[in-house]
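Asker: My structure is below; once you've seen it, I'll send some questions.
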Amino acid sequence: MQYRTLGRTGVQVSSLALGAMNFGRIGRTTQDEATAIVDAALEAGVNVIDTADMYGDGESEEMVGKAIAGRREDIVLATKAGMPMGDERNHQGSSRRWLVTELDNSLRRLGVDHVDLYQIHRWDPRTGDEETLSALTDLQRAGKIRYFGSSTFPAYRIVQAQWAAREHRLSRYVTEQPSYSVLQRGIETHVLPVTEEYGLGVLVWSPLASGWLSGAIREGRAITGNRAAFMPQRFDTAVPANRARLDAVERLAAVADEAGLTMIQLALGFVTAHPAVTSALIGPRTLDHLRSHLAAADTVLSADVLDAIDAIVAPGTDLAADEKHDTPPALLDPSLRRR
């Protein structure tokens with residue numbers, strides 16, 4: 001396992017981090033299975049576990065809490081808040097009112113008195129930066145969180161938050177958690193240069209592109225799996241973006257074969273090769289999945305392999321542009337760009 005410094009915090013974290021989204025109803029992973037996954041990950045040197053309040057409506061946090069009981073101090077524990085938790089309109093977002101309440105809920109579910117990294121799950125356009133940063137700074141001073149970060153923020157919002165922290169003399173976001181893979185490289189254009197400029201740690205999610213880069217999806221095979229079952233539109237090869245992904249996967253598989261690598265090693269080795277990336281979040285549903293991911297822990301891609309990947313998916317390119325998660329709201333809602 002490789003270890004890197006998380007931004008400028010001085011905290012040493014593993015280059016592969018365990019994402020717990022699949023613990024519980026989302027991945028149909030039981031408590032015993034989740035605990036076995038955590039055991040194996042820690043034994044392999046993983047020291048970061050990342051979850052969120054909305055994963056299974058709190059179920060993931062509860063399962064993580066039970067899995068780490070008795071060894072909390074050996075783990076860099078991260079969770080997130082901001083996505084809707086039920087139908088109540090104020091049980092979401094990044095207002096002080098909600099963050100103070102929901103952090104206590106997360107701590108209770110996790111069975112801990114603090115988290116190491118508390119992340120705003122998505123930028124909340126209804127809430128000002130000073131409101132959010134002030135609440136997070138107070139929670140940090142109260143000892144309930146050690147650091148805080150953003151997740152899937154557009155580059156200009158990352159910059160704005162850094163300036164707001166400076167202007168109002170508040171603590172700042174020290175990490176960003178964006179989506180990044182061989183097939184979705186758009187963050188190389190704006191987000192990663194900004195995180196490097198401000199010294200943010202970067203924990204990337206979906207490095208296997210929702211399973212497209214797992215090795216299971218190939219030309220001529222039926223596309224099955226958990227993600228394909230509840231997001232079929234993202235795997236329908238009649239859709240041009242999905243056809244482009246499948247074509248790229250076939251070419252990438254040839255590169256992996258020639259280099260003596262699995263597709264997972266190629267995919268994880270690619271994202272962790274970028275100098276701005278601290279860790280890649282893996283989200284196994286089973287122990288077998290975890291083992292296949294851990295096989296990439298010491299993968300270092302050669303310049304020739306990285307050049308071959310660039311020739312298949314150009315730097316800064318998203319093959320599925322409509323699946324970007326940091327698109328400004330006005331591009332998605334016409335009412336926000338009309339007088």
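Chain lettering (A, B, ...) mirrors the order of the structure tokens, residue numbering begins at 1 for each chain separately, and ligand numbering begins at 1 in order of display.
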Do a neighbour search on Pro275 of chain A at 9 Å with only C-alpha atoms, toss out local chain neighbours closer than 3 positions, and write the hits as a short mmCIF file (atom, residue, chain, number, x, y, z; two decimals) with N, CA, C and O atoms, in the first residue's frame.
Answerer:
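What follows is the written file selection_22.cif:
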```
data_model
loop_
_atom_site.label_atom_id
_atom_site.label_comp_id
_atom_site.auth_asym_id
_atom_site.auth_seq_id
_atom_site.Cartn_x
_atom_site.Cartn_y
_atom_site.Cartn_z
N GLU A 196 -4.74 21.67 -6.82
CA GLU A 196 -3.29 21.77 -6.69
C GLU A 196 -2.89 23.18 -6.26
O GLU A 196 -2.01 23.35 -5.42
N THR A 272 -4.65 7.19 -9.64
CA THR A 272 -3.68 7.48 -8.58
C THR A 272 -2.35 7.98 -9.14
O THR A 272 -1.49 8.45 -8.38
N THR A 278 -4.93 12.23 -4.18
CA THR A 278 -4.39 11.64 -2.97
C THR A 278 -4.77 10.17 -2.86
O THR A 278 -3.91 9.31 -2.69
#
```
Asker: Could you list, with a cut-off of 12 Å and counting only C-alpha atoms, the residues of segment 56-141 of chain A near segment 178-194 of chain A, each shown with its nearest atom pair and the distance in Å rounded to one decimal, rows sorted by chain and ascending number, as JSON lines?
Answerer:
```
{"residue": "A:Gln119", "atom": "CA", "partner": "A:Pro178", "partner_atom": "CA", "distance": 11.6}
{"residue": "A:Ile120", "atom": "CA", "partner": "A:Pro178", "partner_atom": "CA", "distance": 11.7}
{"residue": "A:His121", "atom": "CA", "partner": "A:Pro178", "partner_atom": "CA", "distance": 10.1}
{"residue": "A:Arg122", "atom": "CA", "partner": "A:Pro178", "partner_atom": "CA", "distance": 10.0}
{"residue": "A:Trp123", "atom": "CA", "partner": "A:Pro178", "partner_atom": "CA", "distance": 11.8}
```
Asker: With N, CA, C and O atoms retained, write the just-selected residues as a PDB file, in the first residue's frame.
Answerer:
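Listing of again_27.pdb after writing:
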```pdb
ATOM      1  N   GLN A 119     -17.574  16.206   5.073  1.00  0.00           N
ATOM      2  CA  GLN A 119     -17.617  16.754   3.720  1.00  0.00           C
ATOM      3  C   GLN A 119     -19.033  17.190   3.338  1.00  0.00           C
ATOM      4  O   GLN A 119     -20.010  16.502   3.646  1.00  0.00           O
ATOM      5  N   ILE A 120     -19.104  18.322   2.650  1.00  0.00           N
ATOM      6  CA  ILE A 120     -20.375  18.787   2.101  1.00  0.00           C
ATOM      7  C   ILE A 120     -20.590  18.037   0.793  1.00  0.00           C
ATOM      8  O   ILE A 120     -19.818  18.183  -0.157  1.00  0.00           O
ATOM      9  N   HIS A 121     -21.657  17.221   0.764  1.00  0.00           N
ATOM     10  CA  HIS A 121     -21.825  16.223  -0.298  1.00  0.00           C
ATOM     11  C   HIS A 121     -21.999  16.847  -1.691  1.00  0.00           C
ATOM     12  O   HIS A 121     -21.549  16.279  -2.686  1.00  0.00           O
ATOM     13  N   ARG A 122     -22.669  17.965  -1.759  1.00  0.00           N
ATOM     14  CA  ARG A 122     -22.801  18.714  -3.004  1.00  0.00           C
ATOM     15  C   ARG A 122     -22.891  20.193  -2.665  1.00  0.00           C
ATOM     16  O   ARG A 122     -23.375  20.568  -1.602  1.00  0.00           O
ATOM     17  N   TRP A 123     -22.457  21.037  -3.598  1.00  0.00           N
ATOM     18  CA  TRP A 123     -22.613  22.474  -3.412  1.00  0.00           C
ATOM     19  C   TRP A 123     -24.092  22.809  -3.310  1.00  0.00           C
ATOM     20  O   TRP A 123     -24.914  22.347  -4.110  1.00  0.00           O
TER      21      TRP A 123
END
```
Asker: Would you kindly return, as an MDAnalysis selection string, each protein, DNA or RNA residue with an atom no farther than 6 Å from any atom of Gln177 of chain A, considering only C-alpha atoms and excluding same-chain residues fewer than 4 positions away?
Answerer: chainID A and resid 151:152 202:204
Asker: Set the distance at 12 Å and use only C-alpha atoms: which residues neighbour segment 292-297 of chain A once local chain neighbours fewer than 6 positions away are removed? I'd like the list as a PDB file with N, CA, C and O atoms, in the first residue's frame.
Answerer:
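Output file around.pdb follows:
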```pdb
ATOM      1  N   MET A   1       0.835  -1.189   0.000  1.00  0.00           N
ATOM      2  CA  MET A   1       0.000   0.000   0.000  1.00  0.00           C
ATOM      3  C   MET A   1       0.878   1.250   0.000  1.00  0.00           C
ATOM      4  O   MET A   1       1.869   1.328   0.734  1.00  0.00           O
ATOM      5  N   GLN A   2       0.519   2.218  -0.802  1.00  0.00           N
ATOM      6  CA  GLN A   2       1.210   3.501  -0.815  1.00  0.00           C
ATOM      7  C   GLN A   2       0.491   4.457   0.136  1.00  0.00           C
ATOM      8  O   GLN A   2      -0.715   4.341   0.360  1.00  0.00           O
ATOM      9  N   TYR A   3       1.242   5.423   0.683  1.00  0.00           N
ATOM     10  CA  TYR A   3       0.648   6.425   1.569  1.00  0.00           C
ATOM     11  C   TYR A   3       1.046   7.815   1.094  1.00  0.00           C
ATOM     12  O   TYR A   3       2.165   8.026   0.618  1.00  0.00           O
ATOM     13  N   SER A  14      -3.878   6.211   2.970  1.00  0.00           N
ATOM     14  CA  SER A  14      -3.588   5.191   1.958  1.00  0.00           C
ATOM     15  C   SER A  14      -4.065   5.647   0.589  1.00  0.00           C
ATOM     16  O   SER A  14      -5.053   6.383   0.458  1.00  0.00           O
ATOM     17  N   SER A  15      -3.370   5.198  -0.461  1.00  0.00           N
ATOM     18  CA  SER A  15      -3.736   5.606  -1.822  1.00  0.00           C
ATOM     19  C   SER A  15      -5.042   4.967  -2.293  1.00  0.00           C
ATOM     20  O   SER A  15      -5.659   5.446  -3.233  1.00  0.00           O
ATOM     21  N   LEU A  16      -5.459   3.883  -1.649  1.00  0.00           N
ATOM     22  CA  LEU A  16      -6.794   3.327  -1.841  1.00  0.00           C
ATOM     23  C   LEU A  16      -7.568   3.528  -0.553  1.00  0.00           C
ATOM     24  O   LEU A  16      -7.078   3.219   0.536  1.00  0.00           O
ATOM     25  N   ALA A  17      -8.769   4.080  -0.667  1.00  0.00           N
ATOM     26  CA  ALA A  17      -9.624   4.329   0.491  1.00  0.00           C
ATOM     27  C   ALA A  17     -10.902   3.517   0.333  1.00  0.00           C
ATOM     28  O   ALA A  17     -11.383   3.301  -0.783  1.00  0.00           O
ATOM     29  N   LEU A  18     -11.448   3.062   1.453  1.00  0.00           N
ATOM     30  CA  LEU A  18     -12.637   2.216   1.419  1.00  0.00           C
ATOM     31  C   LEU A  18     -13.885   3.067   1.457  1.00  0.00           C
ATOM     32  O   LEU A  18     -14.175   3.741   2.453  1.00  0.00           O
ATOM     33  N   GLY A  19     -14.646   3.039   0.366  1.00  0.00           N
ATOM     34  CA  GLY A  19     -15.943   3.699   0.319  1.00  0.00           C
ATOM     35  C   GLY A  19     -17.037   2.738   0.755  1.00  0.00           C
ATOM     36  O   GLY A  19     -17.059   1.585   0.328  1.00  0.00           O
ATOM     37  N   ILE A  37     -15.223  -7.052   5.105  1.00  0.00           N
ATOM     38  CA  ILE A  37     -14.579  -6.159   4.140  1.00  0.00           C
ATOM     39  C   ILE A  37     -13.685  -5.153   4.864  1.00  0.00           C
ATOM     40  O   ILE A  37     -12.540  -4.902   4.466  1.00  0.00           O
ATOM     41  N   ALA A  40     -10.532  -6.926   6.185  1.00  0.00           N
ATOM     42  CA  ALA A  40      -9.556  -7.230   5.138  1.00  0.00           C
ATOM     43  C   ALA A  40      -8.885  -5.964   4.617  1.00  0.00           C
ATOM     44  O   ALA A  40      -7.685  -5.954   4.315  1.00  0.00           O
ATOM     45  N   ALA A  41      -9.662  -4.884   4.491  1.00  0.00           N
ATOM     46  CA  ALA A  41      -9.094  -3.625   4.006  1.00  0.00           C
ATOM     47  C   ALA A  41      -8.055  -3.085   4.980  1.00  0.00           C
ATOM     48  O   ALA A  41      -6.957  -2.664   4.580  1.00  0.00           O
ATOM     49  N   LEU A  42      -8.377  -3.088   6.263  1.00  0.00           N
ATOM     50  CA  LEU A  42      -7.429  -2.593   7.263  1.00  0.00           C
ATOM     51  C   LEU A  42      -6.175  -3.456   7.307  1.00  0.00           C
ATOM     52  O   LEU A  42      -5.063  -2.939   7.432  1.00  0.00           O
ATOM     53  N   GLU A  43      -6.363  -4.759   7.201  1.00  0.00           N
ATOM     54  CA  GLU A  43      -5.214  -5.665   7.209  1.00  0.00           C
ATOM     55  C   GLU A  43      -4.293  -5.394   6.021  1.00  0.00           C
ATOM     56  O   GLU A  43      -3.066  -5.546   6.117  1.00  0.00           O
ATOM     57  N   ALA A  44      -4.870  -4.966   4.896  1.00  0.00           N
ATOM     58  CA  ALA A  44      -4.079  -4.684   3.699  1.00  0.00           C
ATOM     59  C   ALA A  44      -3.423  -3.308   3.735  1.00  0.00           C
ATOM     60  O   ALA A  44      -2.668  -2.964   2.821  1.00  0.00           O
ATOM     61  N   GLY A  45      -3.731  -2.513   4.761  1.00  0.00           N
ATOM     62  CA  GLY A  45      -3.101  -1.207   4.879  1.00  0.00           C
ATOM     63  C   GLY A  45      -3.992  -0.027   4.567  1.00  0.00           C
ATOM     64  O   GLY A  45      -3.556   1.124   4.679  1.00  0.00           O
ATOM     65  N   VAL A  46      -5.231  -0.263   4.168  1.00  0.00           N
ATOM     66  CA  VAL A  46      -6.170   0.845   3.959  1.00  0.00           C
ATOM     67  C   VAL A  46      -6.434   1.497   5.314  1.00  0.00           C
ATOM     68  O   VAL A  46      -6.729   0.800   6.292  1.00  0.00           O
ATOM     69  N   PRO A 207     -13.758   5.540  -9.520  1.00  0.00           N
ATOM     70  CA  PRO A 207     -12.610   5.348 -10.418  1.00  0.00           C
ATOM     71  C   PRO A 207     -12.818   4.203 -11.407  1.00  0.00           C
ATOM     72  O   PRO A 207     -12.119   4.142 -12.421  1.00  0.00           O
ATOM     73  N   LEU A 208     -13.774   3.322 -11.134  1.00  0.00           N
ATOM     74  CA  LEU A 208     -14.105   2.238 -12.081  1.00  0.00           C
ATOM     75  C   LEU A 208     -15.297   2.606 -12.951  1.00  0.00           C
ATOM     76  O   LEU A 208     -15.842   1.752 -13.657  1.00  0.00           O
ATOM     77  N   LEU A 213     -15.217  -0.088 -15.950  1.00  0.00           N
ATOM     78  CA  LEU A 213     -13.797  -0.431 -16.000  1.00  0.00           C
ATOM     79  C   LEU A 213     -13.449  -1.603 -15.085  1.00  0.00           C
ATOM     80  O   LEU A 213     -12.283  -1.815 -14.763  1.00  0.00           O
ATOM     81  N   SER A 214     -14.447  -2.377 -14.688  1.00  0.00           N
ATOM     82  CA  SER A 214     -14.213  -3.500 -13.782  1.00  0.00           C
ATOM     83  C   SER A 214     -13.685  -4.740 -14.488  1.00  0.00           C
ATOM     84  O   SER A 214     -13.205  -5.674 -13.844  1.00  0.00           O
ATOM     85  N   GLY A 215     -13.803  -4.770 -15.815  1.00  0.00           N
ATOM     86  CA  GLY A 215     -13.433  -5.956 -16.576  1.00  0.00           C
ATOM     87  C   GLY A 215     -14.622  -6.842 -16.895  1.00  0.00           C
ATOM     88  O   GLY A 215     -14.534  -7.733 -17.739  1.00  0.00           O
ATOM     89  N   LEU A 261      -1.796  -6.366 -16.997  1.00  0.00           N
ATOM     90  CA  LEU A 261      -2.603  -5.818 -15.911  1.00  0.00           C
ATOM     91  C   LEU A 261      -4.063  -6.217 -16.066  1.00  0.00           C
ATOM     92  O   LEU A 261      -4.528  -6.467 -17.177  1.00  0.00           O
ATOM     93  N   THR A 262      -4.785  -6.229 -14.946  1.00  0.00           N
ATOM     94  CA  THR A 262      -6.238  -6.339 -15.034  1.00  0.00           C
ATOM     95  C   THR A 262      -6.804  -4.968 -15.368  1.00  0.00           C
ATOM     96  O   THR A 262      -6.125  -3.934 -15.226  1.00  0.00           O
ATOM     97  N   MET A 263      -8.072  -4.930 -15.788  1.00  0.00           N
ATOM     98  CA  MET A 263      -8.708  -3.641 -16.053  1.00  0.00           C
ATOM     99  C   MET A 263      -8.781  -2.806 -14.777  1.00  0.00           C
ATOM    100  O   MET A 263      -8.643  -1.571 -14.820  1.00  0.00           O
ATOM    101  N   ILE A 264      -9.004  -3.460 -13.647  1.00  0.00           N
ATOM    102  CA  ILE A 264      -9.078  -2.723 -12.384  1.00  0.00           C
ATOM    103  C   ILE A 264      -7.728  -2.107 -12.040  1.00  0.00           C
ATOM    104  O   ILE A 264      -7.645  -0.951 -11.607  1.00  0.00           O
ATOM    105  N   GLN A 265      -6.653  -2.849 -12.243  1.00  0.00           N
ATOM    106  CA  GLN A 265      -5.323  -2.288 -12.002  1.00  0.00           C
ATOM    107  C   GLN A 265      -5.055  -1.104 -12.922  1.00  0.00           C
ATOM    108  O   GLN A 265      -4.480  -0.089 -12.498  1.00  0.00           O
ATOM    109  N   LEU A 266      -5.454  -1.234 -14.176  1.00  0.00           N
ATOM    110  CA  LEU A 266      -5.267  -0.127 -15.121  1.00  0.00           C
ATOM    111  C   LEU A 266      -6.056   1.093 -14.663  1.00  0.00           C
ATOM    112  O   LEU A 266      -5.530   2.216 -14.650  1.00  0.00           O
ATOM    113  N   ALA A 267      -7.323   0.884 -14.281  1.00  0.00           N
ATOM    114  CA  ALA A 267      -8.194   2.002 -13.912  1.00  0.00           C
ATOM    115  C   ALA A 267      -7.730   2.696 -12.643  1.00  0.00           C
ATOM    116  O   ALA A 267      -7.654   3.933 -12.581  1.00  0.00           O
ATOM    117  N   LEU A 268      -7.409   1.927 -11.613  1.00  0.00           N
ATOM    118  CA  LEU A 268      -6.973   2.529 -10.358  1.00  0.00           C
ATOM    119  C   LEU A 268      -5.567   3.105 -10.469  1.00  0.00           C
ATOM    120  O   LEU A 268      -5.266   4.160  -9.894  1.00  0.00           O
ATOM    121  N   GLY A 269      -4.711   2.423 -11.221  1.00  0.00           N
ATOM    122  CA  GLY A 269      -3.376   2.950 -11.437  1.00  0.00           C
ATOM    123  C   GLY A 269      -3.387   4.271 -12.176  1.00  0.00           C
ATOM    124  O   GLY A 269      -2.542   5.146 -11.947  1.00  0.00           O
ATOM    125  N   PHE A 270      -4.371   4.423 -13.078  1.00  0.00           N
ATOM    126  CA  PHE A 270      -4.489   5.677 -13.829  1.00  0.00           C
ATOM    127  C   PHE A 270      -4.843   6.848 -12.922  1.00  0.00           C
ATOM    128  O   PHE A 270      -4.176   7.885 -12.944  1.00  0.00           O
ATOM    129  N   VAL A 271      -5.891   6.712 -12.111  1.00  0.00           N
ATOM    130  CA  VAL A 271      -6.319   7.857 -11.304  1.00  0.00           C
ATOM    131  C   VAL A 271      -5.294   8.196 -10.225  1.00  0.00           C
ATOM    132  O   VAL A 271      -5.072   9.380  -9.928  1.00  0.00           O
ATOM    133  N   THR A 272      -4.648   7.188  -9.640  1.00  0.00           N
ATOM    134  CA  THR A 272      -3.681   7.483  -8.583  1.00  0.00           C
ATOM    135  C   THR A 272      -2.349   7.985  -9.137  1.00  0.00           C
ATOM    136  O   THR A 272      -1.495   8.450  -8.378  1.00  0.00           O
ATOM    137  N   ALA A 273      -2.174   7.924 -10.458  1.00  0.00           N
ATOM    138  CA  ALA A 273      -0.954   8.455 -11.072  1.00  0.00           C
ATOM    139  C   ALA A 273      -0.978   9.974 -11.164  1.00  0.00           C
ATOM    140  O   ALA A 273       0.080  10.611 -11.247  1.00  0.00           O
ATOM    141  N   SER A 279      -6.077   9.888  -2.969  1.00  0.00           N
ATOM    142  CA  SER A 279      -6.569   8.519  -2.813  1.00  0.00           C
ATOM    143  C   SER A 279      -7.713   8.263  -3.782  1.00  0.00           C
ATOM    144  O   SER A 279      -8.440   9.183  -4.168  1.00  0.00           O
ATOM    145  N   ALA A 280      -7.855   6.990  -4.141  1.00  0.00           N
ATOM    146  CA  ALA A 280      -8.993   6.549  -4.952  1.00  0.00           C
ATOM    147  C   ALA A 280      -9.936   5.760  -4.055  1.00  0.00           C
ATOM    148  O   ALA A 280      -9.514   4.832  -3.356  1.00  0.00           O
ATOM    149  N   LEU A 281     -11.203   6.134  -4.064  1.00  0.00           N
ATOM    150  CA  LEU A 281     -12.199   5.444  -3.258  1.00  0.00           C
ATOM    151  C   LEU A 281     -12.691   4.201  -3.987  1.00  0.00           C
ATOM    152  O   LEU A 281     -13.176   4.288  -5.114  1.00  0.00           O
ATOM    153  N   ILE A 282     -12.560   3.059  -3.339  1.00  0.00           N
ATOM    154  CA  ILE A 282     -13.094   1.820  -3.886  1.00  0.00           C
ATOM    155  C   ILE A 282     -14.338   1.444  -3.089  1.00  0.00           C
ATOM    156  O   ILE A 282     -14.401   1.687  -1.887  1.00  0.00           O
ATOM    157  N   GLY A 283     -15.337   0.882  -3.761  1.00  0.00           N
ATOM    158  CA  GLY A 283     -16.602   0.592  -3.095  1.00  0.00           C
ATOM    159  C   GLY A 283     -17.042  -0.847  -3.268  1.00  0.00           C
ATOM    160  O   GLY A 283     -18.076  -1.113  -3.890  1.00  0.00           O
ATOM    161  N   PRO A 284     -16.290  -1.806  -2.744  1.00  0.00           N
ATOM    162  CA  PRO A 284     -16.620  -3.215  -2.973  1.00  0.00           C
ATOM    163  C   PRO A 284     -17.914  -3.625  -2.278  1.00  0.00           C
ATOM    164  O   PRO A 284     -18.230  -3.155  -1.184  1.00  0.00           O
ATOM    165  N   ARG A 285     -18.635  -4.552  -2.910  1.00  0.00           N
ATOM    166  CA  ARG A 285     -19.826  -5.146  -2.294  1.00  0.00           C
ATOM    167  C   ARG A 285     -19.501  -6.481  -1.644  1.00  0.00           C
ATOM    168  O   ARG A 285     -20.244  -6.952  -0.789  1.00  0.00           O
ATOM    169  N   THR A 286     -18.413  -7.115  -2.077  1.00  0.00           N
ATOM    170  CA  THR A 286     -18.044  -8.432  -1.563  1.00  0.00           C
ATOM    171  C   THR A 286     -16.546  -8.466  -1.291  1.00  0.00           C
ATOM    172  O   THR A 286     -15.787  -7.603  -1.762  1.00  0.00           O
TER     173      THR A 286
END
```
Asker: Would you give me, as a PyMOL selection string, the residues in segment 59-175 of chain A that DSSP reads as alpha helix (DSSP H)?
Answerer: chain A and resi 59-68+96-110+129-141+155-168
Asker: Can you tell me, as a PDB file with N, CA, C and O atoms, in the first residue's frame, what residues are no more than 10 Å from Thr237 of chain A when counting only C-alpha atoms, ignoring any on the same chain fewer than 5 positions away?
Answerer:
```
ATOM      1  N   GLU A 219     -17.565  -6.133 -25.013  1.00  0.00           N
ATOM      2  CA  GLU A 219     -18.367  -6.303 -26.227  1.00  0.00           C
ATOM      3  C   GLU A 219     -18.892  -7.737 -26.305  1.00  0.00           C
ATOM      4  O   GLU A 219     -18.165  -8.701 -26.081  1.00  0.00           O
ATOM      5  N   ILE A 223     -24.759  -6.918 -20.121  1.00  0.00           N
ATOM      6  CA  ILE A 223     -24.330  -6.052 -19.023  1.00  0.00           C
ATOM      7  C   ILE A 223     -25.261  -6.284 -17.842  1.00  0.00           C
ATOM      8  O   ILE A 223     -26.441  -5.941 -17.883  1.00  0.00           O
ATOM      9  N   PRO A 232     -30.402   1.521 -15.643  1.00  0.00           N
ATOM     10  CA  PRO A 232     -30.232   0.873 -16.954  1.00  0.00           C
ATOM     11  C   PRO A 232     -29.873   1.843 -18.072  1.00  0.00           C
ATOM     12  O   PRO A 232     -29.167   1.469 -19.018  1.00  0.00           O
ATOM     13  N   ASN A 242     -22.865   5.710 -24.247  1.00  0.00           N
ATOM     14  CA  ASN A 242     -22.540   4.374 -23.745  1.00  0.00           C
ATOM     15  C   ASN A 242     -21.804   3.553 -24.797  1.00  0.00           C
ATOM     16  O   ASN A 242     -20.915   2.757 -24.476  1.00  0.00           O
ATOM     17  N   ARG A 243     -22.173   3.751 -26.053  1.00  0.00           N
ATOM     18  CA  ARG A 243     -21.453   3.072 -27.140  1.00  0.00           C
ATOM     19  C   ARG A 243     -19.995   3.526 -27.169  1.00  0.00           C
ATOM     20  O   ARG A 243     -19.072   2.722 -27.352  1.00  0.00           O
ATOM     21  N   ALA A 244     -19.794   4.835 -26.965  1.00  0.00           N
ATOM     22  CA  ALA A 244     -18.430   5.368 -26.945  1.00  0.00           C
ATOM     23  C   ALA A 244     -17.641   4.787 -25.774  1.00  0.00           C
ATOM     24  O   ALA A 244     -16.450   4.469 -25.901  1.00  0.00           O
ATOM     25  N   ARG A 245     -18.308   4.605 -24.641  1.00  0.00           N
ATOM     26  CA  ARG A 245     -17.632   4.021 -23.492  1.00  0.00           C
ATOM     27  C   ARG A 245     -17.238   2.571 -23.768  1.00  0.00           C
ATOM     28  O   ARG A 245     -16.132   2.153 -23.432  1.00  0.00           O
ATOM     29  N   LEU A 246     -18.160   1.829 -24.362  1.00  0.00           N
ATOM     30  CA  LEU A 246     -17.856   0.427 -24.640  1.00  0.00           C
ATOM     31  C   LEU A 246     -16.707   0.304 -25.633  1.00  0.00           C
ATOM     32  O   LEU A 246     -15.822  -0.548 -25.476  1.00  0.00           O
ATOM     33  N   ASP A 247     -16.699   1.160 -26.650  1.00  0.00           N
ATOM     34  CA  ASP A 247     -15.593   1.154 -27.613  1.00  0.00           C
ATOM     35  C   ASP A 247     -14.267   1.457 -26.923  1.00  0.00           C
ATOM     36  O   ASP A 247     -13.238   0.820 -27.195  1.00  0.00           O
TER      37      ASP A 247
END
```
Asker: Which is closest to Gly27 of chain A among A:Asn226, A:Gln140, A:Ser106, A:Ser171, if we use only C-alpha atoms?
Answerer: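 So, comparing all the options, the nearest one is A:Asn226.
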Asker: So which one's closest to Thr30 of chain A, A:Ala222, A:Gly93, A:Leu287, A:Asp257? Using only C-alpha atoms, please.
Answerer: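 The closest residue to Thr30 of chain A is A:Leu287.
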Asker: Gln162 of chain A: which residues within 8 Å, counting only C-alpha atoms, same-chain residues fewer than 3 positions away excluded, as a list in words?
Answerer: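 The residues that qualify are Ile158, Val159, Ala165, Arg166, Arg172, Tyr173 and Tyr198 of chain A.
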Asker: How would the residues just chosen look if you wrote them out with C-alpha atoms as a short mmCIF file (atom, residue, chain, number, x, y, z; two decimals), in the first residue's frame?
Answerer:
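The result, written out as selection-v1.cif:
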```
data_model
loop_
_atom_site.label_atom_id
_atom_site.label_comp_id
_atom_site.auth_asym_id
_atom_site.auth_seq_id
_atom_site.Cartn_x
_atom_site.Cartn_y
_atom_site.Cartn_z
CA ILE A 158 -13.93 25.61 -4.76
CA VAL A 159 -12.13 28.90 -5.43
CA ALA A 165 -12.75 31.50 4.28
CA ARG A 166 -9.93 34.00 3.94
CA ARG A 172 -11.27 26.31 4.97
CA TYR A 173 -12.07 23.20 3.01
CA TYR A 198 -4.89 25.60 -3.07
#
```
Asker: Which residues come within 12 Å of Asp32 of chain A, counting only C-alpha atoms, excluding same-chain residues fewer than 3 positions away, as a list in words?
Answerer: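 Here the answer would be Phe23, Gly24, Arg28, Thr29, Thr35, Ala36, Ile37, Val38, Asp39, Met63, Val64, Lys66, Ala67, Arg285, Thr286 and Leu287 of chain A.
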Asker: Can you write just those residues out, C-alpha atoms, as a short mmCIF file (atom, residue, chain, number, x, y, z; two decimals), in the first residue's frame?
Answerer:
```
data_model
loop_
_atom_site.label_atom_id
_atom_site.label_comp_id
_atom_site.auth_asym_id
_atom_site.auth_seq_id
_atom_site.Cartn_x
_atom_site.Cartn_y
_atom_site.Cartn_z
CA PHE A 23 -22.91 -1.29 2.85
CA GLY A 24 -26.57 -2.07 3.50
CA ARG A 28 -27.28 -5.56 -0.37
CA THR A 29 -24.22 -6.09 1.85
CA THR A 35 -17.27 -6.14 8.82
CA ALA A 36 -15.27 -8.74 6.87
CA ILE A 37 -14.58 -6.16 4.14
CA VAL A 38 -13.41 -3.61 6.72
CA ASP A 39 -11.22 -6.25 8.41
CA MET A 63 -22.71 -0.57 9.71
CA VAL A 64 -19.38 1.23 9.54
CA LYS A 66 -20.20 -1.50 14.19
CA ALA A 67 -17.36 -2.66 11.92
CA ARG A 285 -19.83 -5.15 -2.29
CA THR A 286 -18.04 -8.43 -1.56
CA LEU A 287 -14.69 -9.67 -0.32
#
```
Asker: Between A:His274, A:Leu252, A:Phe230, A:Ala209, which has the minimum distance to Lys324 of chain A (counting only C-alpha atoms)?
Answerer: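 Of all the options, A:Ala209 lies closest to Lys324 of chain A.
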Asker: Please identify the strand (DSSP E or B) residues within segment 76-145 of chain A (assignment by DSSP from backbone atoms) and present them as a ChimeraX atom specification.
Answerer: /A:76-81,115-120,145
Asker: Smallest atom-to-atom distance to Arg169 of chain A: which of A:Leu6, A:Leu133, A:Val300, A:Met21, using only C-alpha atoms?
Answerer: A:Leu133
